[in-house]
file structure33.txt (compact mmCIF, C-alpha atoms)
# COMPACT_ATOMS: atom_id res chain seq x y z
CA MET C 1 -49.35 47.94 -44.88
CA THR C 2 -49.20 44.24 -45.72
CA GLY C 3 -52.02 42.47 -47.53
CA GLU C 4 -52.84 40.49 -44.40
CA GLN C 5 -52.90 43.65 -42.29
CA GLY C 6 -55.20 45.31 -44.81
CA VAL C 7 -57.69 42.44 -44.52
CA ARG C 8 -57.58 42.66 -40.77
CA ASP C 9 -58.18 46.42 -40.85
CA ALA C 10 -61.15 45.97 -43.15
CA ARG C 11 -62.81 43.65 -40.70
CA VAL C 12 -62.87 46.32 -38.01
CA GLY C 13 -63.19 49.30 -40.30
CA GLY C 14 -60.27 51.28 -41.69
CA GLY C 15 -61.08 54.49 -39.81
CA ARG C 16 -60.42 55.65 -36.28
CA LEU C 17 -60.80 53.14 -33.47
CA LEU C 18 -61.68 53.98 -29.87
CA ILE C 19 -61.23 51.74 -26.85
CA TYR C 20 -64.03 52.82 -24.51
CA GLY C 21 -63.40 51.70 -20.94
CA LEU C 22 -60.09 50.26 -19.85
CA GLY C 23 -59.65 47.88 -16.93
CA ARG C 24 -58.86 44.23 -17.58
CA SER C 25 -60.73 43.93 -20.88
CA GLY C 26 -59.68 47.30 -22.27
CA ARG C 27 -56.04 46.67 -21.46
CA GLY C 28 -56.26 43.35 -23.32
CA VAL C 29 -57.71 45.12 -26.36
CA ALA C 30 -54.98 47.76 -26.22
CA ARG C 31 -52.16 45.21 -25.98
CA PHE C 32 -53.58 43.25 -28.88
CA LEU C 33 -54.03 46.28 -31.17
CA ALA C 34 -50.54 47.54 -30.36
CA ALA C 35 -49.07 44.15 -31.27
CA GLU C 36 -50.99 44.34 -34.55
CA GLY C 37 -49.49 47.75 -35.28
CA ARG C 38 -52.98 49.21 -35.28
CA PRO C 39 -53.39 52.77 -33.93
CA ALA C 40 -56.15 53.40 -31.43
CA GLU C 41 -57.37 55.99 -28.99
CA TRP C 42 -58.90 55.41 -25.59
CA HIS C 43 -61.43 56.91 -23.23
CA ASP C 44 -62.09 56.15 -19.60
CA ALA C 45 -63.68 58.49 -17.07
CA ARG C 46 -61.59 57.08 -14.18
CA PRO C 47 -58.47 55.39 -15.54
CA SER C 48 -56.28 53.67 -12.97
CA ALA C 49 -52.58 54.28 -12.67
CA GLU C 50 -52.03 50.88 -14.32
CA ASP C 51 -54.29 51.90 -17.22
CA LEU C 52 -52.49 55.20 -17.76
CA ALA C 53 -49.05 53.60 -17.61
CA LEU C 54 -50.01 51.06 -20.26
CA MET C 55 -51.56 53.65 -22.58
CA ASN C 56 -48.43 55.79 -22.33
CA ARG C 57 -46.20 52.80 -23.00
CA LEU C 58 -48.26 51.86 -26.07
CA HIS C 59 -48.38 55.48 -27.27
CA PHE C 60 -52.18 55.48 -27.43
CA GLU C 61 -53.74 58.92 -27.03
CA ARG C 62 -56.86 59.83 -25.07
CA GLY C 63 -59.83 60.23 -27.42
CA GLU C 64 -62.85 62.48 -27.23
CA VAL C 65 -66.29 60.88 -27.17
CA GLY C 66 -67.66 63.77 -29.24
CA ASP C 67 -65.46 62.80 -32.20
CA GLU C 68 -66.32 60.41 -35.02
CA TYR C 69 -64.98 56.87 -35.01
CA GLN C 70 -65.38 53.93 -37.35
CA THR C 71 -65.21 51.35 -34.55
CA VAL C 72 -65.62 51.51 -30.78
CA VAL C 73 -64.56 48.55 -28.65
CA ALA C 74 -66.48 48.95 -25.39
CA ALA C 75 -65.62 47.29 -22.09
CA PRO C 76 -68.22 44.81 -20.77
CA GLY C 77 -68.95 46.91 -17.72
CA VAL C 78 -70.21 49.85 -19.78
CA PRO C 79 -74.00 49.64 -20.22
CA ILE C 80 -75.10 49.13 -23.80
CA ASP C 81 -77.29 52.25 -23.61
CA HIS C 82 -74.65 54.50 -22.05
CA PRO C 83 -75.12 58.04 -23.39
CA ASP C 84 -71.55 58.19 -24.70
CA LEU C 85 -72.04 54.99 -26.68
CA GLU C 86 -75.41 56.17 -27.98
CA GLY C 87 -73.76 59.36 -29.19
CA LEU C 88 -70.89 57.51 -30.84
CA ARG C 89 -73.33 55.14 -32.50
CA GLY C 90 -75.37 58.08 -33.74
CA ARG C 91 -72.25 59.50 -35.41
CA GLY C 92 -71.74 56.25 -37.33
CA ALA C 93 -69.55 54.13 -35.06
CA GLU C 94 -70.02 50.38 -34.81
CA ILE C 95 -69.95 49.29 -31.17
CA LEU C 96 -68.15 45.98 -30.56
CA GLY C 97 -66.86 44.07 -27.57
CA GLU C 98 -63.57 42.29 -27.07
CA VAL C 99 -65.02 38.92 -28.09
CA ALA C 100 -66.41 40.17 -31.41
CA LEU C 101 -63.10 41.89 -32.15
CA ALA C 102 -61.20 38.66 -31.48
CA ALA C 103 -63.51 36.69 -33.78
CA ARG C 104 -63.21 39.23 -36.60
CA LEU C 105 -59.46 39.54 -36.48
CA ARG C 106 -58.83 35.81 -36.04
CA PRO C 107 -61.62 34.24 -38.12
CA ALA C 108 -59.81 30.92 -38.50
CA LEU C 109 -59.58 30.36 -34.74
CA PRO C 110 -62.29 27.97 -33.46
CA ILE C 111 -63.96 29.32 -30.33
CA VAL C 112 -66.02 27.37 -27.81
CA GLY C 113 -68.32 29.80 -26.03
CA VAL C 114 -69.70 29.14 -22.55
CA THR C 115 -72.34 31.14 -20.70
CA GLY C 116 -74.90 30.64 -17.94
CA THR C 117 -76.03 32.12 -14.67
CA ALA C 118 -73.83 29.77 -12.64
CA GLY C 119 -71.04 27.34 -13.42
CA LYS C 120 -69.79 28.92 -16.63
CA GLY C 121 -66.27 29.62 -15.36
CA GLY C 122 -65.64 26.12 -14.09
CA THR C 123 -67.14 24.62 -17.25
CA THR C 124 -64.89 26.81 -19.41
CA VAL C 125 -61.77 25.68 -17.58
CA LEU C 126 -62.86 22.04 -17.72
CA ILE C 127 -63.48 22.12 -21.49
CA ALA C 128 -60.01 23.53 -22.09
CA SER C 129 -58.50 20.90 -19.78
CA LEU C 130 -60.26 18.06 -21.62
CA LEU C 131 -59.07 19.36 -24.98
CA ARG C 132 -55.50 19.69 -23.75
CA ALA C 133 -55.63 16.14 -22.44
CA CYS C 134 -56.48 15.06 -26.00
CA GLY C 135 -53.50 16.91 -27.48
CA VAL C 136 -55.20 20.16 -28.52
CA ASN C 137 -53.52 23.44 -27.58
CA ALA C 138 -56.61 24.96 -25.97
CA ARG C 139 -56.52 28.20 -23.96
CA GLU C 140 -59.30 29.62 -21.80
CA GLY C 141 -60.09 33.31 -21.41
CA GLY C 142 -62.77 35.94 -21.77
CA ASN C 143 -64.79 36.77 -18.68
CA ILE C 144 -62.22 34.83 -16.66
CA ASP C 145 -58.55 35.71 -16.71
CA PRO C 146 -56.92 36.27 -19.07
CA PRO C 147 -58.84 38.42 -21.59
CA LEU C 148 -59.68 36.49 -24.75
CA LEU C 149 -57.41 38.67 -26.90
CA ASP C 150 -54.45 37.67 -24.73
CA VAL C 151 -54.73 34.02 -25.82
CA VAL C 152 -55.92 34.05 -29.44
CA ASP C 153 -52.44 33.98 -30.97
CA ALA C 154 -51.21 31.19 -28.70
CA ALA C 155 -54.22 28.89 -29.05
CA GLU C 156 -55.30 26.20 -31.46
CA VAL C 157 -58.75 26.48 -29.87
CA ALA C 158 -60.01 29.25 -27.59
CA VAL C 159 -62.56 28.47 -24.88
CA ALA C 160 -64.31 31.66 -23.84
CA GLU C 161 -66.40 32.30 -20.77
CA LEU C 162 -69.01 34.83 -21.92
CA SER C 163 -70.97 37.03 -19.54
CA SER C 164 -74.32 38.60 -20.38
CA PHE C 165 -72.50 41.93 -20.59
CA GLN C 166 -70.11 40.59 -23.22
CA LEU C 167 -72.92 38.92 -25.14
CA GLU C 168 -74.65 42.27 -25.63
CA ARG C 169 -71.88 43.19 -28.09
CA VAL C 170 -71.19 40.21 -30.35
CA PRO C 171 -72.50 41.15 -33.82
CA GLY C 172 -71.70 38.43 -36.33
CA LEU C 173 -70.07 36.12 -33.78
CA ARG C 174 -70.23 32.50 -34.89
CA LEU C 175 -69.43 29.80 -32.37
CA PRO C 176 -69.04 26.29 -33.77
CA VAL C 177 -69.63 25.00 -30.22
CA ALA C 178 -71.67 26.85 -27.59
CA VAL C 179 -72.69 25.90 -24.07
CA ILE C 180 -75.40 27.34 -21.80
CA THR C 181 -74.97 25.85 -18.34
CA ASN C 182 -78.28 27.19 -16.95
CA LEU C 183 -80.43 30.33 -16.87
CA GLY C 184 -81.57 31.96 -13.66
CA VAL C 185 -81.92 35.59 -12.60
CA ASP C 186 -79.01 37.99 -12.26
CA HIS C 187 -77.82 41.49 -13.16
CA LEU C 188 -81.30 43.03 -13.20
CA ASP C 189 -79.66 46.33 -12.28
CA ARG C 190 -78.03 46.22 -15.72
CA HIS C 191 -80.60 44.45 -17.90
CA GLY C 192 -83.78 45.63 -16.21
CA THR C 193 -85.81 42.45 -16.63
CA GLU C 194 -85.27 38.72 -16.50
CA ALA C 195 -86.35 38.52 -20.16
CA ALA C 196 -83.69 41.03 -21.23
CA TYR C 197 -81.04 39.20 -19.23
CA HIS C 198 -81.96 35.89 -20.85
CA ALA C 199 -82.04 37.51 -24.30
CA ALA C 200 -78.47 38.69 -23.81
CA LYS C 201 -77.38 35.20 -22.76
CA LEU C 202 -79.08 33.63 -25.77
CA ASN C 203 -77.04 35.81 -28.12
CA ILE C 204 -74.45 33.04 -27.76
CA THR C 205 -76.47 31.17 -30.42
CA ALA C 206 -77.17 34.10 -32.76
CA GLY C 207 -74.46 33.36 -35.31
CA GLN C 208 -74.56 29.57 -35.21
CA GLN C 209 -75.10 27.78 -38.50
CA ALA C 210 -75.91 24.31 -39.74
CA GLY C 211 -73.46 21.79 -38.34
CA ASP C 212 -72.67 23.82 -35.23
CA MET C 213 -73.42 22.43 -31.77
CA LEU C 214 -75.30 23.84 -28.80
CA VAL C 215 -75.23 22.20 -25.36
CA ILE C 216 -78.14 23.30 -23.16
CA PRO C 217 -79.98 22.09 -20.06
CA GLU C 218 -82.93 19.82 -20.69
CA GLY C 219 -86.13 21.81 -21.10
CA LEU C 220 -84.45 25.11 -22.01
CA GLU C 221 -86.13 26.54 -25.09
CA VAL C 222 -83.72 28.16 -27.52
CA ARG C 223 -84.45 29.18 -31.09
CA THR C 224 -81.55 28.16 -33.30
CA ARG C 225 -80.81 28.16 -36.99
CA ALA C 226 -81.87 25.00 -38.79
CA GLY C 227 -79.25 22.32 -38.60
CA VAL C 228 -77.67 23.31 -35.29
CA ARG C 229 -77.20 20.14 -33.26
CA THR C 230 -78.57 20.50 -29.75
CA PHE C 231 -77.66 18.22 -26.84
CA SER C 232 -78.97 18.25 -23.28
CA PRO C 233 -76.38 16.57 -21.04
CA SER C 234 -77.73 14.33 -18.32
CA ARG C 235 -74.90 11.84 -17.76
CA LEU C 236 -71.17 11.73 -18.38
CA VAL C 237 -71.49 10.35 -21.89
CA LEU C 238 -70.33 11.35 -25.34
CA GLY C 239 -72.74 12.43 -28.05
CA SER C 240 -72.74 8.87 -29.33
CA GLY C 241 -74.08 7.69 -25.97
CA GLU C 242 -70.84 6.04 -24.87
CA GLU C 243 -70.36 6.43 -21.12
CA VAL C 244 -67.06 7.97 -20.13
CA LEU C 245 -67.31 8.05 -16.35
CA PRO C 246 -69.89 7.39 -13.64
CA ALA C 247 -70.77 10.62 -11.85
CA SER C 248 -69.72 9.00 -8.56
CA GLU C 249 -66.10 9.00 -9.77
CA LEU C 250 -65.96 12.76 -10.34
CA PRO C 251 -64.02 14.88 -7.85
CA GLU C 252 -66.44 16.28 -5.28
CA SER C 253 -65.68 19.85 -6.39
CA ILE C 254 -66.83 19.29 -9.98
CA HIS C 255 -70.57 19.56 -10.57
CA PRO C 256 -71.80 16.57 -12.64
CA ALA C 257 -74.01 18.75 -14.88
CA ASN C 258 -71.10 21.03 -15.74
CA ALA C 259 -68.82 18.05 -16.33
CA ALA C 260 -71.36 16.46 -18.67
CA ALA C 261 -71.72 19.69 -20.64
CA ALA C 262 -67.95 20.10 -20.85
CA LEU C 263 -67.56 16.54 -22.10
CA LEU C 264 -70.03 17.06 -24.96
CA ALA C 265 -68.47 20.39 -25.92
CA ALA C 266 -64.95 18.97 -25.93
CA GLU C 267 -66.05 16.01 -28.06
CA ALA C 268 -67.77 18.32 -30.54
CA MET C 269 -64.64 20.42 -30.97
CA LEU C 270 -62.44 17.33 -31.31
CA LEU C 271 -64.70 16.04 -34.08
CA ARG C 272 -64.57 19.41 -35.81
CA LEU C 273 -60.78 19.27 -35.73
CA GLY C 274 -60.76 15.69 -37.00
CA ARG C 275 -59.21 14.44 -33.77
CA PRO C 276 -60.26 11.34 -31.82
CA ALA C 277 -62.09 11.61 -28.49
CA PRO C 278 -60.50 8.70 -26.58
CA VAL C 279 -62.73 7.62 -23.72
CA ALA C 280 -59.85 6.56 -21.45
CA VAL C 281 -58.09 9.90 -21.86
CA LEU C 282 -61.27 11.90 -21.22
CA ALA C 283 -62.11 9.79 -18.17
CA ALA C 284 -58.65 10.34 -16.70
CA ALA C 285 -58.90 14.07 -17.32
CA LEU C 286 -62.29 14.23 -15.58
CA ARG C 287 -60.99 12.32 -12.56
CA ALA C 288 -58.03 14.70 -12.32
CA ALA C 289 -60.11 17.87 -12.66
CA ARG C 290 -59.65 20.46 -9.95
CA PRO C 291 -61.83 23.43 -9.04
CA GLN C 292 -60.90 27.00 -9.77
CA ARG C 293 -59.66 28.80 -6.71
CA GLY C 294 -62.60 30.03 -4.66
CA ARG C 295 -65.17 27.85 -6.41
CA PHE C 296 -66.40 25.06 -4.13
CA GLU C 297 -62.86 24.28 -3.06
CA THR C 298 -62.01 22.38 0.12
CA VAL C 299 -59.40 24.62 1.73
CA ALA C 300 -58.98 23.03 5.18
CA ARG C 301 -60.04 20.24 7.52
CA VAL C 302 -60.27 20.20 11.28
CA GLY C 303 -60.95 16.64 12.38
CA GLY C 304 -64.19 15.62 10.69
CA VAL C 305 -65.10 19.17 9.64
CA ARG C 306 -64.38 20.31 6.09
CA PHE C 307 -64.08 24.00 5.19
CA ILE C 308 -65.30 24.77 1.65
CA ASP C 309 -64.65 28.08 -0.06
CA ASP C 310 -67.33 28.97 -2.61
CA SER C 311 -66.88 32.71 -2.19
CA ILE C 312 -68.04 33.35 -5.77
CA ALA C 313 -71.48 31.86 -4.96
CA THR C 314 -73.67 34.97 -4.86
CA ARG C 315 -76.26 33.93 -7.44
CA THR C 316 -79.19 31.85 -6.25
CA LEU C 317 -78.43 28.93 -8.58
CA ALA C 318 -74.79 28.80 -7.50
CA VAL C 319 -75.60 28.94 -3.78
CA GLN C 320 -78.31 26.30 -4.18
CA ALA C 321 -75.86 23.98 -5.93
CA ALA C 322 -73.31 24.46 -3.14
CA LEU C 323 -75.88 23.64 -0.45
CA GLU C 324 -76.92 20.49 -2.30
CA ARG C 325 -73.33 19.27 -2.74
CA ALA C 326 -71.85 20.03 0.68
CA ALA C 327 -71.97 17.18 3.20
CA PRO C 328 -74.38 17.91 6.09
CA PRO C 329 -74.60 19.08 8.77
CA ILE C 330 -73.63 22.47 7.36
CA ALA C 331 -72.60 25.68 9.07
CA TRP C 332 -73.44 28.10 6.25
CA LEU C 333 -71.54 31.40 6.15
CA VAL C 334 -73.88 34.06 4.73
CA GLY C 335 -73.15 37.75 4.36
CA GLY C 336 -71.52 40.58 2.50
CA ARG C 337 -73.59 43.07 0.56
CA ASP C 338 -77.04 41.87 -0.51
CA LYS C 339 -77.75 42.19 -4.23
CA GLY C 340 -81.37 41.09 -4.05
CA ALA C 341 -80.99 37.30 -4.29
CA ASP C 342 -84.12 35.15 -4.37
CA LEU C 343 -84.03 33.39 -0.99
CA GLY C 344 -86.98 31.04 -1.57
CA PRO C 345 -85.04 28.27 -3.36
CA LEU C 346 -82.26 28.60 -0.78
CA ARG C 347 -84.62 28.04 2.13
CA ALA C 348 -85.78 24.85 0.45
CA ALA C 349 -82.25 23.66 -0.32
CA ALA C 350 -81.15 24.27 3.28
CA GLN C 351 -83.90 22.21 4.90
CA GLY C 352 -82.48 19.19 6.72
CA ARG C 353 -78.93 20.11 5.68
CA VAL C 354 -78.04 23.40 7.36
CA LYS C 355 -77.58 23.26 11.13
CA THR C 356 -76.88 26.95 11.55
CA VAL C 357 -76.23 30.11 9.54
CA VAL C 358 -73.22 32.21 10.45
CA ALA C 359 -74.14 35.77 9.48
CA PHE C 360 -71.35 38.25 8.72
CA GLY C 361 -70.73 41.54 6.98
CA GLU C 362 -72.97 44.41 5.97
CA ASP C 363 -76.17 42.47 5.24
CA GLY C 364 -75.49 39.09 6.81
CA GLU C 365 -77.99 39.32 9.64
CA ARG C 366 -80.75 40.61 7.36
CA LEU C 367 -80.13 37.74 4.92
CA ALA C 368 -80.13 35.23 7.77
CA ARG C 369 -83.47 36.52 9.04
CA GLY C 370 -84.87 36.23 5.52
CA LEU C 371 -83.78 32.60 5.35
CA GLY C 372 -85.70 31.77 8.50
CA LEU C 373 -82.97 29.47 9.83
CA PRO C 374 -81.17 29.42 13.19
CA TYR C 375 -78.27 31.84 13.03
CA VAL C 376 -75.45 33.50 14.92
CA THR C 377 -73.93 36.85 13.98
CA VAL C 378 -70.19 37.55 13.95
CA SER C 379 -68.14 40.64 13.22
CA GLY C 380 -64.56 41.84 13.11
CA THR C 381 -62.64 45.08 12.85
CA ASP C 382 -61.87 44.31 9.20
CA GLY C 383 -62.51 41.62 6.60
CA ASP C 384 -59.84 39.28 7.93
CA GLY C 385 -61.13 39.63 11.46
CA THR C 386 -64.66 38.90 10.26
CA MET C 387 -63.57 35.74 8.45
CA GLN C 388 -61.64 34.55 11.52
CA ALA C 389 -64.74 34.95 13.66
CA ALA C 390 -66.94 33.26 11.05
CA ALA C 391 -64.63 30.25 10.62
CA GLN C 392 -64.45 29.75 14.39
CA ALA C 393 -68.22 30.10 14.81
CA GLY C 394 -68.85 27.58 12.04
CA LEU C 395 -66.50 25.06 13.63
CA ASP C 396 -68.05 25.57 17.07
CA ALA C 397 -71.55 24.97 15.70
CA LEU C 398 -70.83 21.56 14.19
CA GLY C 399 -69.53 19.47 17.07
CA GLY C 400 -66.77 17.74 15.15
CA GLU C 401 -68.52 16.60 11.93
CA GLY C 402 -69.84 18.34 8.83
CA THR C 403 -69.05 21.26 6.55
CA VAL C 404 -68.33 24.92 7.11
CA LEU C 405 -69.50 26.37 3.79
CA LEU C 406 -68.73 29.86 2.57
CA ALA C 407 -71.46 30.38 -0.06
CA PRO C 408 -72.23 33.91 0.98
CA VAL C 409 -75.16 35.08 -1.20
CA GLY C 410 -73.95 38.66 -0.76
CA THR C 411 -71.18 40.29 -2.78
CA SER C 412 -67.76 40.92 -1.25
CA PHE C 413 -67.69 44.67 -1.72
CA ASP C 414 -68.53 45.59 1.86
CA GLN C 415 -65.18 44.44 3.24
CA PHE C 416 -63.13 43.02 0.35
CA ARG C 417 -61.88 43.98 -3.08
CA ASP C 418 -63.54 40.99 -4.73
CA TYR C 419 -64.72 37.42 -4.14
CA ALA C 420 -61.18 36.05 -4.52
CA GLN C 421 -59.82 38.22 -1.71
CA ARG C 422 -62.74 37.18 0.51
CA GLY C 423 -62.09 33.51 -0.27
CA ASP C 424 -58.38 33.86 0.46
CA SER C 425 -59.22 35.46 3.81
CA PHE C 426 -61.52 32.53 4.64
CA ARG C 427 -58.79 30.07 3.66
CA ARG C 428 -56.28 31.72 5.97
CA ALA C 429 -58.80 31.84 8.81
CA ALA C 430 -59.63 28.15 8.46
CA LEU C 431 -55.99 27.08 8.31
CA ALA C 432 -55.22 29.16 11.42
CA LEU C 433 -57.65 27.11 13.54
CA PRO C 434 -56.09 24.64 16.03
CA GLY C 435 -55.64 21.24 14.42
CA ALA C 436 -56.29 22.50 10.88
CA GLU C 437 -54.82 20.66 7.92
CA VAL C 438 -54.74 21.70 4.27
CA GLY C 439 -57.90 20.45 2.55
CA ALA C 440 -57.92 17.90 -0.24

call {"tool": "encode", "arguments": {"input": "structure33.txt", "output": "structure tokens"}}
result
Amino acid sequence: MTGEQGVRDARVGGGRLLIYGLGRSGRGVARFLAAEGRPAEWHDARPSAEDLALMNRLHFERGEVGDEYQTVVAAPGVPIDHPDLEGLRGRGAEILGEVALAARLRPALPIVGVTGTAGKGGTTVLIASLLRACGVNAREGGNIDPPLLDVVDAAEVAVAELSSFQLERVPGLRLPVAVITNLGVDHLDRHGTEAAYHAAKLNITAGQQAGDMLVIPEGLEVRTRAGVRTFSPSRLVLGSGEEVLPASELPESIHPANAAAALLAAEAMLLRLGRPAPVAVLAAALRAARPQRGRFETVARVGGVRFIDDSIATRTLAVQAALERAAPPIAWLVGGRDKGADLGPLRAAAQGRVKTVVAFGEDGERLARGLGLPYVTVSGTDGDGTMQAAAQAGLDALGGEGTVLLAPVGTSFDQFRDYAQRGDSFRRAALALPGAEVGA
């Protein structure tokens, strides 16, 4: 064992290590540990064929949860109070997540952490794009693809989207730059209460020290260590107050609040690295910014009607933002599987903007009734058929001008594998309409 390897082992404990829960995150952990030459075992109640093939290829053996381990790296989807984890903890194991493991094994790598109820993925990608525009080899990962451990050895700076699930397991994580886009209500089935959900999100600040930076919405109360610099973005300006870009010059798909937060975070990291933050370069990068696929993306046009895919918008804050940004009149596609969204703010956001609701999927009609807006209900023999009917109904409702907006409130799991598959189906349906052109 080399001296460097010995230091790395000490940071995660020199004893047995268990990867608990595979999937995307667990596979990233396994690949990373194998590349390090670090032995590990794994446990998953329902491993996929892909999981099993990778474990066999890496020569990692299945572990028993009744054994003793020094360190357990748990997948984000496993509840923090899962009986297996409680038992492992009781036998002396430290429970970590992928993000904490990355920080411990690569302590010299600066990480920008981004969390929030809505907008964290787009903000993460935008920060990395701004840093790259300024000559920094920045890579994004974490809750978005790829896993954080897949990028740490290729990055000068890592920009990590952090979910509340991941932030439950970040002991000792220090982020020199952290961003909270907003805090609403989500994942109560996991956290139990809004307070517990917010507490998990606020763990993003737990390890910050004097000289670190936190970007938060105005009015959000966060207890930080003395000396942490806190900024509340309101315009597209640097921390010095120098304006970079008027909000009117942003691409329509980029939310101004997220862009302002990304700008401050990128500047803070550039200053930490001793690099300049050239206004002209940052402005050009903001103007060139493009949405992530399936996140308020214009996918087609038919005459004066724009089709916008925001399939990921299932949280109240995200749907509200989409309704406020889409050009009225709006044919709003609502449906999928209801996860208990608060409809009150959505009713208010829809007033004077939504012409009709197109209800689809398992709970679409029930959601539409709860919104109290005019609606039509569509269906299909499968997910693609449903999206074809919804796209056509939205177009028919608008009379040649406006926006057909897929911001569905419900999850995709009634008819699709995930939000991305649902968004791709909507894209195909829109482009199949007579006279459709690719959106821009």

call {"tool": "closest_residue", "arguments": {"input": "structure33.txt", "among": "C:Val299, C:Ala195, C:Leu405, C:Leu188", "to": "Arg315 (chain C)", "atoms": "only C-alpha atoms"}}
result
C:Leu188

call {"tool": "residues_around", "arguments": {"input": "structure33.txt", "residues": "Gly15 (chain C)", "least_positions_apart": "2", "cutoff": "8 Å", "atoms": "only C-alpha atoms", "output": "mmCIF file with C-alpha atoms, in the frame of the given file"}}
result
data_model
loop_
_atom_site.group_PDB
_atom_site.id
_atom_site.type_symbol
_atom_site.label_atom_id
_atom_site.label_comp_id
_atom_site.auth_asym_id
_atom_site.auth_seq_id
_atom_site.Cartn_x
_atom_site.Cartn_y
_atom_site.Cartn_z
ATOM 1 C CA GLY C 13 -63.190 49.300 -40.300
ATOM 2 C CA LEU C 17 -60.800 53.140 -33.470
ATOM 3 C CA TYR C 69 -64.980 56.870 -35.010
ATOM 4 C CA GLN C 70 -65.380 53.930 -37.350
ATOM 5 C CA THR C 71 -65.210 51.350 -34.550
#

call {"tool": "residues_around", "arguments": {"input": "structure33.txt", "residues": "region 325-340 of chain C", "least_positions_apart": "3", "cutoff": "8 Å", "atoms": "all atoms listed in the file", "output": "PyMOL selection string"}}
result
chain C and resi 252+321-322+353-365+367-368+390+394-395+397-398+401-415

call {"tool": "closest_residue", "arguments": {"input": "structure33.txt", "among": "C:Arg46, C:Arg174, C:Arg89, C:Arg235", "to": "Ala206 (chain C)", "atoms": "all atoms listed in the file"}}
result
C:Arg174

call {"tool": "atom_distance", "arguments": {"input": "structure33.txt", "atom1": "CA of Ile127 (chain C)", "atom2": "CA of Ala266 (chain C)"}}
result
5.6 Å

call {"tool": "closest_residue", "arguments": {"input": "structure33.txt", "among": "C:Ala118, C:Val72, C:Ile111, C:Ala102", "to": "Ile312 (chain C)", "atoms": "only C-alpha atoms"}}
result
C:Ala118

call {"tool": "closest_residue", "arguments": {"input": "structure33.txt", "among": "C:Ala277, C:Ala103, C:Val319, C:Ala74", "to": "Arg295 (chain C)", "atoms": "all atoms listed in the file"}}
result
C:Val319

call {"tool": "residues_around", "arguments": {"input": "structure33.txt", "residues": "Val228 (chain C)", "least_positions_apart": "6", "cutoff": "12 Å", "atoms": "all atoms listed in the file", "output": "number ranges by chain"}}
result
C: 174-178, 205-215, 222

call {"tool": "closest_residue", "arguments": {"input": "structure33.txt", "among": "C:Ala284, C:Leu126, C:Leu183, C:Ala420", "to": "Gly219 (chain C)", "atoms": "only C-alpha atoms"}}
result
C:Leu183

call {"tool": "atom_distance", "arguments": {"input": "structure33.txt", "atom1": "CA of Met55 (chain C)", "atom2": "CA of Phe416 (chain C)"}}
result
27.8 Å

call {"tool": "residues_near_point", "arguments": {"input": "structure33.txt", "point": "(-70.1, 32.3, -19.1)", "cutoff": "12 Å", "atoms": "only C-alpha atoms", "output": "JSON, numbers by chain"}}
result
{"C": [112, 113, 114, 115, 116, 117, 118, 119, 120, 121, 122, 123, 124, 125, 140, 141, 142, 143, 144, 159, 160, 161, 162, 163, 164, 165, 166, 167, 178, 179, 180, 181, 182, 183, 200, 201, 202, 203, 204, 258]}
